Amino acid sequence: MIDLYTWTTPNGRKVSILLEELGVKYNVHPININEGDQKTPEFLKIGPNNKIPVIVDTDTGVSIMETGAIMIYLAEKNGKFLPTDPLKKIEVIEWLMWQMGGLGPMLGQAHHFLRFNPGKAPYAEERFAAEVKRLYGVLDTRLEGRDFICDEYSIADMACWPWISRYEWQGIDLADYPNVRSWYQRLLAREAVQKGYQVPKNMGEIPAG
Ligand SMILES: N[C@@H](CCC(=O)N[C@@H](CS)C(=O)NCC(=O)O)C(=O)O
């Protein structure tokens, strides 16, 4: 059984979407990051970086932080959404790492400056707005003629999608990125994506793209 410690954020949703897609049973433990639950001594034992999400696998006793590591672990454990062929596998890992090192951190900074602190740091707003557009452009080019980021639906798609679902916070109109929009809506149509989005609690309508 997987214990998932999470909150209603893109990083949290990456893992709940994967768990829903895998169809495995899991217990949800809400960690309200607005109230500091991620800083308690109990949470620090499993999440030494003070951030959600974290999983504990009671089958193996392992606890894992960092969504990239969590997603690889769950995909390999269940034999799904990460190819075994080395060249196909590294392509999925490549785009997963692109999300971990680029899309997530940059869009997160855009949320911080553009949505929550407008007017405080014009240079940062300009810098991250430009970087967001650049990254959407990269994804749009990658998705040209493809249904998914790699050959098949994979953890790379599930890692990127929850960040794109906050396109409004990032000042993005998906009409400017038609391949991203089609891909976004393709994933949104999946029941597992809709269910995973609403973990650990229902946040209402999901942006339609
Ligand atoms: N690189 C980490 C990032 C995790 C992360 O940034 N989590 C945020 C929510 S999306 C968090 O817990 N923030 C609380 C805090 O910074 O105090 C991962 O991929 O798991």
# chains A, B, ... in the order shown; residues from 1 in each chain; ligands from 1

call {"tool": "residues_near_ligand", "arguments": {"ligand": "ligand 1", "cutoff": "10 Å", "atoms": "only C-alpha atoms and all ligand atoms", "output": "number ranges by chain"}}
result
A: 6-15, 31-39, 47, 49-54, 64-71, 97, 99-101, 104-105, 108, 159, 163

call {"tool": "select_by_dssp", "arguments": {"residues": "chain A", "states": "alpha helix (DSSP H)", "output": "NGL selection string"}}
result
:A and (10-22 or 41-46 or 67-78 or 86-98 or 104-110 or 122-142 or 155-164 or 178-188 or 191-197)

call {"tool": "closest_residue", "arguments": {"among": "A:Ala129, A:Ile2, A:Leu114, A:Ile90", "to": "Gly23 (chain A)", "atoms": "only C-alpha atoms"}}
result
A:Ile2

call {"tool": "residues_around", "arguments": {"residues": "Leu107 (chain A)", "least_positions_apart": "6", "cutoff": "8 Å", "atoms": "only C-alpha atoms", "output": "list in words"}}
result
Phe128, Val132, Trp163 and Gln170 of chain A

call {"tool": "select_by_dssp", "arguments": {"residues": "region 44-155 of chain A", "states": "strand (DSSP E)", "output": "mmCIF file with C-alpha atoms, in the first residue's frame"}}
result
data_model
loop_
_atom_site.group_PDB
_atom_site.id
_atom_site.type_symbol
_atom_site.label_atom_id
_atom_site.label_comp_id
_atom_site.auth_asym_id
_atom_site.auth_seq_id
_atom_site.Cartn_x
_atom_site.Cartn_y
_atom_site.Cartn_z
ATOM 1 C CA VAL A 54 6.173 12.313 -0.315
ATOM 2 C CA ILE A 55 5.209 8.649 -0.557
ATOM 3 C CA VAL A 56 5.760 5.781 1.854
ATOM 4 C CA ASP A 57 5.492 2.307 0.382
ATOM 5 C CA VAL A 62 10.816 3.040 1.685
ATOM 6 C CA SER A 63 9.878 6.726 1.903
ATOM 7 C CA ILE A 64 10.555 8.906 -1.156
ATOM 8 C CA MET A 65 10.581 12.667 -1.722
#

call {"tool": "residues_around", "arguments": {"residues": "Val193 (chain A)", "least_positions_apart": "4", "cutoff": "12 Å", "atoms": "only C-alpha atoms", "output": "JSON, numbers by chain"}}
result
{"A": [13, 14, 15, 16, 17, 18, 19, 20, 21, 22, 23, 157, 158, 159, 161, 162, 165, 184, 185, 186, 187, 188, 189, 197, 198, 199, 206]}

call {"tool": "decode", "arguments": {"residues": "region 76-90 of chain A", "atoms": "C-alpha atoms", "output": "CSV table (one decimal), in the first residue's frame"}}
result
chain,number,residue,atom,x,y,z
A,76,GLU,CA,9.0,0.7,-12.4
A,77,LYS,CA,7.2,-1.0,-9.5
A,78,ASN,CA,4.1,-1.4,-11.6
A,79,GLY,CA,5.7,-1.9,-15.0
A,80,LYS,CA,3.7,1.0,-16.6
A,81,PHE,CA,4.2,4.4,-18.1
A,82,LEU,CA,8.0,4.1,-18.4
A,83,PRO,CA,9.4,2.0,-21.2
A,84,THR,CA,11.9,-0.8,-20.5
A,85,ASP,CA,13.8,-0.4,-23.9
A,86,PRO,CA,16.8,1.7,-22.9
A,87,LEU,CA,16.5,4.3,-25.7
A,88,LYS,CA,12.8,4.8,-25.2
A,89,LYS,CA,13.2,4.9,-21.4
A,90,ILE,CA,15.9,7.6,-21.6
